[in-house]
Amino acid sequence: MTTKHGQRSDDPARQGNLGGNLPTKGMLINGRWQPAASGRTIVVENPGRREALALVPRGEKEDVDRAVEAASSAFSKWSRMPARDRGKLLLAIGAELEAGQEDLARLIASETGNALRTQARGEAKMVADAFRYFGGLASELKGVTIPLGETQLSYSRREPLGVVGAIVPWNAPAQLAALKIAPAICAGNTIVLKAAEDAPLAVLMIGEVCQKHLPPGVVNVITGYGKECGEPLAAHPAVRKISFTGSTNVGKAIMRAAADRIAPVSLELGGKSPSIVYPDADEDWVVDGIVASMRFTRQSQSCTAGSRLFLHEKIFDGFLERLAARATALKIGDPLDEATDIGSIINEKQFTRICDYISEGLNRSEARLVTGGLPPKEGPLTKGYFTVPTIFADSSNEWRLAREEIFGPVLVAIPWRNEEDAIRMANQSHYGLAAYVWSRDIGQALRTAHAVEAGWVQVNQGGGQALGQSYGGVKESGIGREMSLEGMLDSFTETKSVNVNLDLPPPKSFR
């Protein structure tokens with residue numbers, strides 16, 4: 001199908017409300033903004049208004065090949081640049097991103113549906129902070145010496161891998177792109193990053209800033225669908241490392257593709273994170289913490305959302321009553337409105353999926369709807385993909401809404417009596433990304449934090465991740481760590497050991 005803009009957009013789900021002339025963006029390949037080789041495009045939509053924002057290239061294998069070739073050509077010179085000089089360039093990128101973070105935040109809000117005040121501004125700040133953080137770590141790309149004796153010099157080097165292929169999702173696209181680009185290039189790699197087709201614009205803006213400071217080909221940003229663009233990137237023989245954030249099923253497919261050439265992978269995947277509340281934590285600050293940990297102000301479109309709430313039976317009903325009041329007080333509306341707490345779901349497909357889960361909960365006789373339910377069918381919220389915070393109470397941890405990652409604002413609350421039962425239910429999941437523990441008894445809270453199977457546990461707080469702290473999952477929530485010096489070294493360098501014999505025989509004398 002040819003759009004009125006003279007571009008191709010063959011996926012009916014991406015047609016959107018085209019109206020007027022849309023700006024057309026290019027992919028960043030080898031320092032130049034380029035269309036897809038096919039000439040086809042994808043419509044990027046504002047999900048809070050169901051309006052088209054822009055057209056981006058619908059990249060395919062040929063475009064991936066061009067981007068990987070550019071990254072391969074740039075690698076030799078970039079990897080030999082002194083690490084501190086690379087770090088200075090990252091610091092300059094961070095400074096420019098900080099100066100333009102309001103524009104970046106508004107773009108994030110427009111394409112993701114995340115509210116400007118509660119989410120998008122924080123994400124834009126994190127983008128700048130990530131480049132500054134990793135830029136400052138460039139001098140830490142160092143090895144060690146091993147004391148093997150006076151006649152042996154043994155040392156190790158941290159060397160870049162080569163071309164990194166990175167794939168990011170739509171829920172926090174700018175932040176996740178920065179957390180892949182910055183450590184990868186700081187370590188001396190070059191990168192080809194595929195942006196999510198639903199939210200590529202902020203990532204392209206980051207690429208534009210990077211390109212002002214870096215040699216061509218060091219950072220390449222491509223756009224397209226997973227099947228057409230992401231799969232060829234993950235399977236490309238010249239890509240030496242894959243860093244992926246997204247669903248567990250896609251992560252498994254990427255692992256299989258990388259296995260064919262023994263390429264390392266970093267995977268930050270799904271979650272069904274538990275919150276365990278002890279009876280001594282029946283307080284309003286904990287209610288606020290549950291709202292935060294559930295990521296209601298990001299429409300719970302977060303892999304760390306604490307969507308399984310294990311409340312002690314003594315406080316179950318009263319706590320839920322206050323939690324429902326707190327959740328329903330949040331204002332839902334246009335993501336760009338300063339008064340909005342909760343924005344919109346990313347697209348119609350995800351909106352329908354969430355509604356299907358809610359309908360299943362409403363039809364389950366054992367479940368009690370505490371607050372929320374299906375979104376309204378008339379009024380201002382019908383102008384976008386808006387859902388409402390929804391809480392079900394149930395005695396079982398076994399039903400579908402308590403086990404599957406919904407990626408929407410649906411929380412299941414389950415009572416418990418014995419600590420062992422709470423921990424057992426918390427660990428009854430193939431996921432293991434995040435967990436939250438709430439108790440004034442710190443010894444009790446830490447005992448539980450150590451027993452819960454998760455890569456990241458918070459005690460008495462429900463906020464987001466922090467730079468400098470290694471972050472990642474266990475079980476089917478992923479492999480590898482991000483956001484830290486250790487994450488950069490483990491994910492984007494390889495260790496080379498060098499042994500030098502110092503005990504050489506005397507040279508022969510010559511007449």
# chains A, B, ... in the order shown; residues from 1 in each chain; ligands from 1
call {"tool": "select_by_dssp", "arguments": {"residues": "range 266-323 of chain A", "states": "strand (DSSP E or B)", "output": "MDAnalysis selection string"}}
result
chainID A and resid 266:268 274:277 308:312
call {"tool": "atom_distance", "arguments": {"atom1": "CA of Gly373 in chain A", "atom2": "CA of Cys355 in chain A"}}
result
8.4 Å
call {"tool": "atom_distance", "arguments": {"atom1": "CA of Tyr225 in chain A", "atom2": "CA of Glu60 in chain A"}}
result
8.1 Å
call {"tool": "closest_residue", "arguments": {"among": "A:Gln444, A:Thr352, A:Asn427, A:Thr328", "to": "Arg308 in chain A", "atoms": "only C-alpha atoms"}}
result
A:Asn427
call {"tool": "residues_around", "arguments": {"residues": "Ser470 in chain A", "least_positions_apart": "5", "cutoff": "8 Å", "atoms": "only C-alpha atoms", "output": "list in words"}}
result
Arg481, Glu482, Met483, Ser484, Leu485, Glu486 and Gly487 of chain A
call {"tool": "write_last_selection", "arguments": {"atoms": "N, CA and C atoms", "output": "PDB file, in the first residue's frame"}}
result
ATOM      1  N   ARG A 481      24.305  -8.301  33.229  1.00  0.00           N
ATOM      2  CA  ARG A 481      23.983  -7.153  34.056  1.00  0.00           C
ATOM      3  C   ARG A 481      24.263  -5.862  33.295  1.00  0.00           C
ATOM      4  N   GLU A 482      23.512  -4.815  33.656  1.00  0.00           N
ATOM      5  CA  GLU A 482      23.642  -3.510  33.019  1.00  0.00           C
ATOM      6  C   GLU A 482      23.801  -2.436  34.087  1.00  0.00           C
ATOM      7  N   MET A 483      24.049  -1.214  33.646  1.00  0.00           N
ATOM      8  CA  MET A 483      23.979   0.003  34.464  1.00  0.00           C
ATOM      9  C   MET A 483      25.164   0.196  35.401  1.00  0.00           C
ATOM     10  N   SER A 484      26.245  -0.559  35.241  1.00  0.00           N
ATOM     11  CA  SER A 484      27.347  -0.472  36.191  1.00  0.00           C
ATOM     12  C   SER A 484      28.681  -0.681  35.489  1.00  0.00           C
ATOM     13  N   LEU A 485      29.760  -0.396  36.221  1.00  0.00           N
ATOM     14  CA  LEU A 485      31.102  -0.694  35.714  1.00  0.00           C
ATOM     15  C   LEU A 485      31.242  -2.180  35.441  1.00  0.00           C
ATOM     16  N   GLU A 486      30.778  -3.014  36.380  1.00  0.00           N
ATOM     17  CA  GLU A 486      30.860  -4.459  36.173  1.00  0.00           C
ATOM     18  C   GLU A 486      30.080  -4.884  34.943  1.00  0.00           C
ATOM     19  N   GLY A 487      28.912  -4.260  34.753  1.00  0.00           N
ATOM     20  CA  GLY A 487      28.121  -4.582  33.581  1.00  0.00           C
ATOM     21  C   GLY A 487      28.839  -4.238  32.287  1.00  0.00           C
TER      22      GLY A 487
END
call {"tool": "residues_around", "arguments": {"residues": "Val410 in chain A", "least_positions_apart": "2", "cutoff": "7 Å", "atoms": "only C-alpha atoms", "output": "number ranges by chain"}}
result
A: 307, 389-391, 408, 412
call {"tool": "write_last_selection", "arguments": {"atoms": "all heavy atoms", "output": "PDB file, in the first residue's frame"}}
result
ATOM      1  N   SER A 307       3.715  -6.713  40.232  1.00  0.00           N
ATOM      2  CA  SER A 307       2.324  -7.017  39.889  1.00  0.00           C
ATOM      3  C   SER A 307       1.727  -8.175  40.680  1.00  0.00           C
ATOM      4  O   SER A 307       0.551  -8.503  40.510  1.00  0.00           O
ATOM      5  CB  SER A 307       2.214  -7.321  38.389  1.00  0.00           C
ATOM      6  OG  SER A 307       3.108  -8.361  38.025  1.00  0.00           O
ATOM      7  N   PRO A 389      -5.970   1.828  36.471  1.00  0.00           N
ATOM      8  CA  PRO A 389      -5.354   0.913  37.438  1.00  0.00           C
ATOM      9  C   PRO A 389      -6.387  -0.092  37.953  1.00  0.00           C
ATOM     10  O   PRO A 389      -7.480   0.288  38.388  1.00  0.00           O
ATOM     11  CB  PRO A 389      -4.872   1.839  38.556  1.00  0.00           C
ATOM     12  CG  PRO A 389      -4.664   3.164  37.884  1.00  0.00           C
ATOM     13  CD  PRO A 389      -5.750   3.241  36.845  1.00  0.00           C
ATOM     14  N   THR A 390      -6.040  -1.365  37.894  1.00  0.00           N
ATOM     15  CA  THR A 390      -6.975  -2.436  38.226  1.00  0.00           C
ATOM     16  C   THR A 390      -6.338  -3.384  39.236  1.00  0.00           C
ATOM     17  O   THR A 390      -5.192  -3.809  39.052  1.00  0.00           O
ATOM     18  CB  THR A 390      -7.380  -3.206  36.953  1.00  0.00           C
ATOM     19  OG1 THR A 390      -8.037  -2.292  36.057  1.00  0.00           O
ATOM     20  CG2 THR A 390      -8.298  -4.362  37.273  1.00  0.00           C
ATOM     21  N   ILE A 391      -7.079  -3.687  40.292  1.00  0.00           N
ATOM     22  CA  ILE A 391      -6.585  -4.572  41.348  1.00  0.00           C
ATOM     23  C   ILE A 391      -7.601  -5.687  41.577  1.00  0.00           C
ATOM     24  O   ILE A 391      -8.792  -5.418  41.786  1.00  0.00           O
ATOM     25  CB  ILE A 391      -6.355  -3.800  42.660  1.00  0.00           C
ATOM     26  CG1 ILE A 391      -5.343  -2.665  42.452  1.00  0.00           C
ATOM     27  CG2 ILE A 391      -5.867  -4.742  43.764  1.00  0.00           C
ATOM     28  CD1 ILE A 391      -5.201  -1.746  43.658  1.00  0.00           C
ATOM     29  N   GLY A 408       0.756  -4.247  31.863  1.00  0.00           N
ATOM     30  CA  GLY A 408      -0.308  -3.260  31.967  1.00  0.00           C
ATOM     31  C   GLY A 408      -0.690  -3.122  33.427  1.00  0.00           C
ATOM     32  O   GLY A 408      -0.269  -3.913  34.285  1.00  0.00           O
ATOM     33  N   VAL A 412      -2.505  -8.298  41.088  1.00  0.00           N
ATOM     34  CA  VAL A 412      -3.211  -9.365  41.788  1.00  0.00           C
ATOM     35  C   VAL A 412      -2.701  -9.416  43.227  1.00  0.00           C
ATOM     36  O   VAL A 412      -1.492  -9.563  43.456  1.00  0.00           O
ATOM     37  CB  VAL A 412      -3.000 -10.722  41.094  1.00  0.00           C
ATOM     38  CG1 VAL A 412      -3.645 -11.840  41.912  1.00  0.00           C
ATOM     39  CG2 VAL A 412      -3.579 -10.698  39.684  1.00  0.00           C
TER      40      VAL A 412
END
call {"tool": "atom_distance", "arguments": {"atom1": "CA of Glu140 in chain A", "atom2": "CA of Glu159 in chain A"}}
result
12.1 Å
call {"tool": "residues_around", "arguments": {"residues": "range 192-207 of chain A", "least_positions_apart": "4", "cutoff": "8 Å", "atoms": "only C-alpha atoms", "output": "VMD selection string"}}
result
chain A and resid 27 to 28 42 44 to 45 56 67 to 68 71 97 104 107 to 108 111 to 112 163 to 170 173 to 174 177 to 178 181 211 219 to 225 229 to 230 346 to 347
call {"tool": "residues_around", "arguments": {"residues": "Tyr436 in chain A", "least_positions_apart": "2", "cutoff": "6 Å", "atoms": "only C-alpha atoms", "output": "list in words"}}
result
Ser275, Val457, Gln458 and Val459 of chain A
call {"tool": "residues_around", "arguments": {"residues": "range 89-91 of chain A", "least_positions_apart": "2", "cutoff": "12 Å", "atoms": "only C-alpha atoms", "output": "PyMOL selection string"}}
result
chain A and resi 78+81-87+93-98+127-138+178+181-188+206+209-215+218-219
call {"tool": "write_last_selection", "arguments": {"atoms": "C-alpha atoms", "output": "PDB file, in the first residue's frame"}}
result
ATOM      1  CA  TRP A  78      37.769   3.654  17.263  1.00  0.00           C
ATOM      2  CA  MET A  81      41.623   5.505  20.437  1.00  0.00           C
ATOM      3  CA  PRO A  82      42.850   6.014  24.022  1.00  0.00           C
ATOM      4  CA  ALA A  83      40.061   5.095  26.393  1.00  0.00           C
ATOM      5  CA  ARG A  84      40.134   8.451  28.174  1.00  0.00           C
ATOM      6  CA  ASP A  85      39.683  10.231  24.853  1.00  0.00           C
ATOM      7  CA  ARG A  86      36.628   8.097  24.154  1.00  0.00           C
ATOM      8  CA  GLY A  87      35.381   9.003  27.615  1.00  0.00           C
ATOM      9  CA  ILE A  93      27.427  13.848  24.370  1.00  0.00           C
ATOM     10  CA  GLY A  94      26.005  13.780  27.886  1.00  0.00           C
ATOM     11  CA  ALA A  95      26.333  17.560  28.212  1.00  0.00           C
ATOM     12  CA  GLU A  96      24.470  18.189  24.938  1.00  0.00           C
ATOM     13  CA  LEU A  97      21.756  15.693  25.853  1.00  0.00           C
ATOM     14  CA  GLU A  98      21.306  17.411  29.194  1.00  0.00           C
ATOM     15  CA  VAL A 127      19.830   9.400  29.178  1.00  0.00           C
ATOM     16  CA  ALA A 128      22.233  12.284  29.820  1.00  0.00           C
ATOM     17  CA  ASP A 129      23.356  10.787  33.126  1.00  0.00           C
ATOM     18  CA  ALA A 130      24.171   7.446  31.459  1.00  0.00           C
ATOM     19  CA  PHE A 131      26.583   9.023  28.974  1.00  0.00           C
ATOM     20  CA  ARG A 132      28.244  11.017  31.732  1.00  0.00           C
ATOM     21  CA  TYR A 133      28.491   8.001  34.022  1.00  0.00           C
ATOM     22  CA  PHE A 134      30.126   5.709  31.471  1.00  0.00           C
ATOM     23  CA  GLY A 135      32.251   8.513  30.074  1.00  0.00           C
ATOM     24  CA  GLY A 136      33.736   8.898  33.536  1.00  0.00           C
ATOM     25  CA  LEU A 137      34.507   5.177  33.723  1.00  0.00           C
ATOM     26  CA  ALA A 138      36.691   5.052  30.620  1.00  0.00           C
ATOM     27  CA  ALA A 178      21.606   5.060  26.234  1.00  0.00           C
ATOM     28  CA  ILE A 181      25.221   2.736  23.459  1.00  0.00           C
ATOM     29  CA  ALA A 182      27.254   4.433  26.195  1.00  0.00           C
ATOM     30  CA  PRO A 183      29.000   1.393  27.760  1.00  0.00           C
ATOM     31  CA  ALA A 184      29.471  -0.336  24.406  1.00  0.00           C
ATOM     32  CA  ILE A 185      31.298   2.547  22.741  1.00  0.00           C
ATOM     33  CA  CYS A 186      33.127   3.559  25.930  1.00  0.00           C
ATOM     34  CA  ALA A 187      34.681   0.084  25.923  1.00  0.00           C
ATOM     35  CA  GLY A 188      35.856   0.600  22.324  1.00  0.00           C
ATOM     36  CA  ILE A 206      20.090  10.398  20.660  1.00  0.00           C
ATOM     37  CA  VAL A 209      23.589  13.966  19.144  1.00  0.00           C
ATOM     38  CA  CYS A 210      26.075  11.086  19.131  1.00  0.00           C
ATOM     39  CA  GLN A 211      26.858  11.687  15.477  1.00  0.00           C
ATOM     40  CA  LYS A 212      27.924  15.287  16.188  1.00  0.00           C
ATOM     41  CA  HIS A 213      30.722  14.047  18.425  1.00  0.00           C
ATOM     42  CA  LEU A 214      31.743  10.631  17.082  1.00  0.00           C
ATOM     43  CA  PRO A 215      33.408   9.355  13.890  1.00  0.00           C
ATOM     44  CA  VAL A 218      30.683   4.207  15.555  1.00  0.00           C
ATOM     45  CA  VAL A 219      26.978   4.542  16.375  1.00  0.00           C
TER      46      VAL A 219
END
call {"tool": "decode", "arguments": {"residues": "range 103-223 of chain A", "atoms": "C-alpha atoms", "output": "compact mmCIF listing (two decimals), in the first residue's frame"}}
result
# COMPACT_ATOMS: atom_id res chain seq x y z
CA ASP A 103 12.81 18.42 23.93
CA LEU A 104 13.80 14.78 24.35
CA ALA A 105 11.28 14.34 27.17
CA ARG A 106 8.42 15.74 25.11
CA LEU A 107 9.32 13.44 22.23
CA ILE A 108 9.40 10.45 24.60
CA ALA A 109 5.96 11.36 25.96
CA SER A 110 4.54 11.84 22.48
CA GLU A 111 5.62 8.49 21.05
CA THR A 112 5.43 6.20 24.11
CA GLY A 113 2.36 7.59 25.87
CA ASN A 114 4.35 7.92 29.10
CA ALA A 115 3.34 11.00 31.06
CA LEU A 116 5.70 13.95 30.66
CA ARG A 117 5.80 14.99 34.32
CA THR A 118 5.90 11.62 36.04
CA GLN A 119 7.94 9.58 33.53
CA ALA A 120 9.36 11.17 30.40
CA ARG A 121 11.39 13.90 32.10
CA GLY A 122 13.02 11.37 34.39
CA GLU A 123 13.88 9.17 31.42
CA ALA A 124 15.42 12.08 29.52
CA LYS A 125 17.55 12.93 32.56
CA MET A 126 18.72 9.33 32.82
CA VAL A 127 19.83 9.40 29.18
CA ALA A 128 22.23 12.28 29.82
CA ASP A 129 23.36 10.79 33.13
CA ALA A 130 24.17 7.45 31.46
CA PHE A 131 26.58 9.02 28.97
CA ARG A 132 28.24 11.02 31.73
CA TYR A 133 28.49 8.00 34.02
CA PHE A 134 30.13 5.71 31.47
CA GLY A 135 32.25 8.51 30.07
CA GLY A 136 33.74 8.90 33.54
CA LEU A 137 34.51 5.18 33.72
CA ALA A 138 36.69 5.05 30.62
CA SER A 139 39.90 4.97 32.67
CA GLU A 140 38.65 1.84 34.46
CA LEU A 141 39.05 -0.31 31.34
CA LYS A 142 42.15 -1.93 32.78
CA GLY A 143 43.48 -5.38 33.50
CA VAL A 144 45.52 -6.89 36.31
CA THR A 145 48.99 -8.35 36.86
CA ILE A 146 49.44 -11.86 38.26
CA PRO A 147 52.45 -12.61 40.50
CA LEU A 148 53.81 -15.77 38.83
CA GLY A 149 57.42 -15.20 39.91
CA GLU A 150 60.36 -12.99 39.13
CA THR A 151 60.90 -14.51 35.72
CA GLN A 152 57.30 -14.18 34.50
CA LEU A 153 55.34 -11.09 33.62
CA SER A 154 51.68 -12.05 33.50
CA TYR A 155 49.00 -9.46 32.87
CA SER A 156 45.52 -9.15 31.42
CA ARG A 157 43.90 -6.66 29.07
CA ARG A 158 40.29 -5.62 28.67
CA GLU A 159 39.66 -5.52 24.93
CA PRO A 160 36.51 -4.55 23.01
CA LEU A 161 34.51 -7.28 21.32
CA GLY A 162 33.87 -5.62 17.96
CA VAL A 163 30.47 -4.79 16.48
CA VAL A 164 27.67 -4.88 19.06
CA GLY A 165 24.12 -5.46 17.91
CA ALA A 166 21.58 -3.94 20.31
CA ILE A 167 17.78 -4.13 20.31
CA VAL A 168 15.58 -2.03 22.59
CA PRO A 169 11.82 -2.10 23.33
CA TRP A 170 9.26 0.71 23.35
CA ASN A 171 8.50 1.15 27.05
CA ALA A 172 11.64 3.17 27.97
CA PRO A 173 13.33 3.42 24.56
CA ALA A 174 15.64 6.39 25.13
CA GLN A 175 16.89 5.23 28.52
CA LEU A 176 17.53 1.69 27.35
CA ALA A 177 19.26 2.88 24.18
CA ALA A 178 21.61 5.06 26.23
CA LEU A 179 22.36 2.16 28.58
CA LYS A 180 23.50 0.10 25.60
CA ILE A 181 25.22 2.74 23.46
CA ALA A 182 27.25 4.43 26.20
CA PRO A 183 29.00 1.39 27.76
CA ALA A 184 29.47 -0.34 24.41
CA ILE A 185 31.30 2.55 22.74
CA CYS A 186 33.13 3.56 25.93
CA ALA A 187 34.68 0.08 25.92
CA GLY A 188 35.86 0.60 22.32
CA ASN A 189 33.13 -1.27 20.44
CA THR A 190 31.01 0.08 17.64
CA ILE A 191 27.28 -0.47 17.67
CA VAL A 192 24.24 -1.06 15.48
CA LEU A 193 21.10 -0.39 17.51
CA LYS A 194 17.61 -1.29 16.34
CA ALA A 195 14.96 1.00 17.78
CA ALA A 196 11.46 -0.26 18.51
CA GLU A 197 9.09 0.41 15.61
CA ASP A 198 6.50 1.91 17.97
CA ALA A 199 8.89 4.40 19.59
CA PRO A 200 12.01 5.11 17.51
CA LEU A 201 12.03 8.92 17.46
CA ALA A 202 13.77 9.64 20.76
CA VAL A 203 16.39 7.01 19.95
CA LEU A 204 17.02 8.68 16.59
CA MET A 205 17.43 12.00 18.44
CA ILE A 206 20.09 10.40 20.66
CA GLY A 207 21.80 9.08 17.54
CA GLU A 208 21.79 12.59 16.08
CA VAL A 209 23.59 13.97 19.14
CA CYS A 210 26.08 11.09 19.13
CA GLN A 211 26.86 11.69 15.48
CA LYS A 212 27.92 15.29 16.19
CA HIS A 213 30.72 14.05 18.43
CA LEU A 214 31.74 10.63 17.08
CA PRO A 215 33.41 9.35 13.89
CA PRO A 216 30.99 7.97 11.27
CA GLY A 217 30.00 4.36 11.81
CA VAL A 218 30.68 4.21 15.55
CA VAL A 219 26.98 4.54 16.37
CA ASN A 220 24.39 3.38 13.85
CA VAL A 221 20.62 3.45 14.52
CA ILE A 222 18.25 1.45 12.35
CA THR A 223 14.46 1.17 12.41
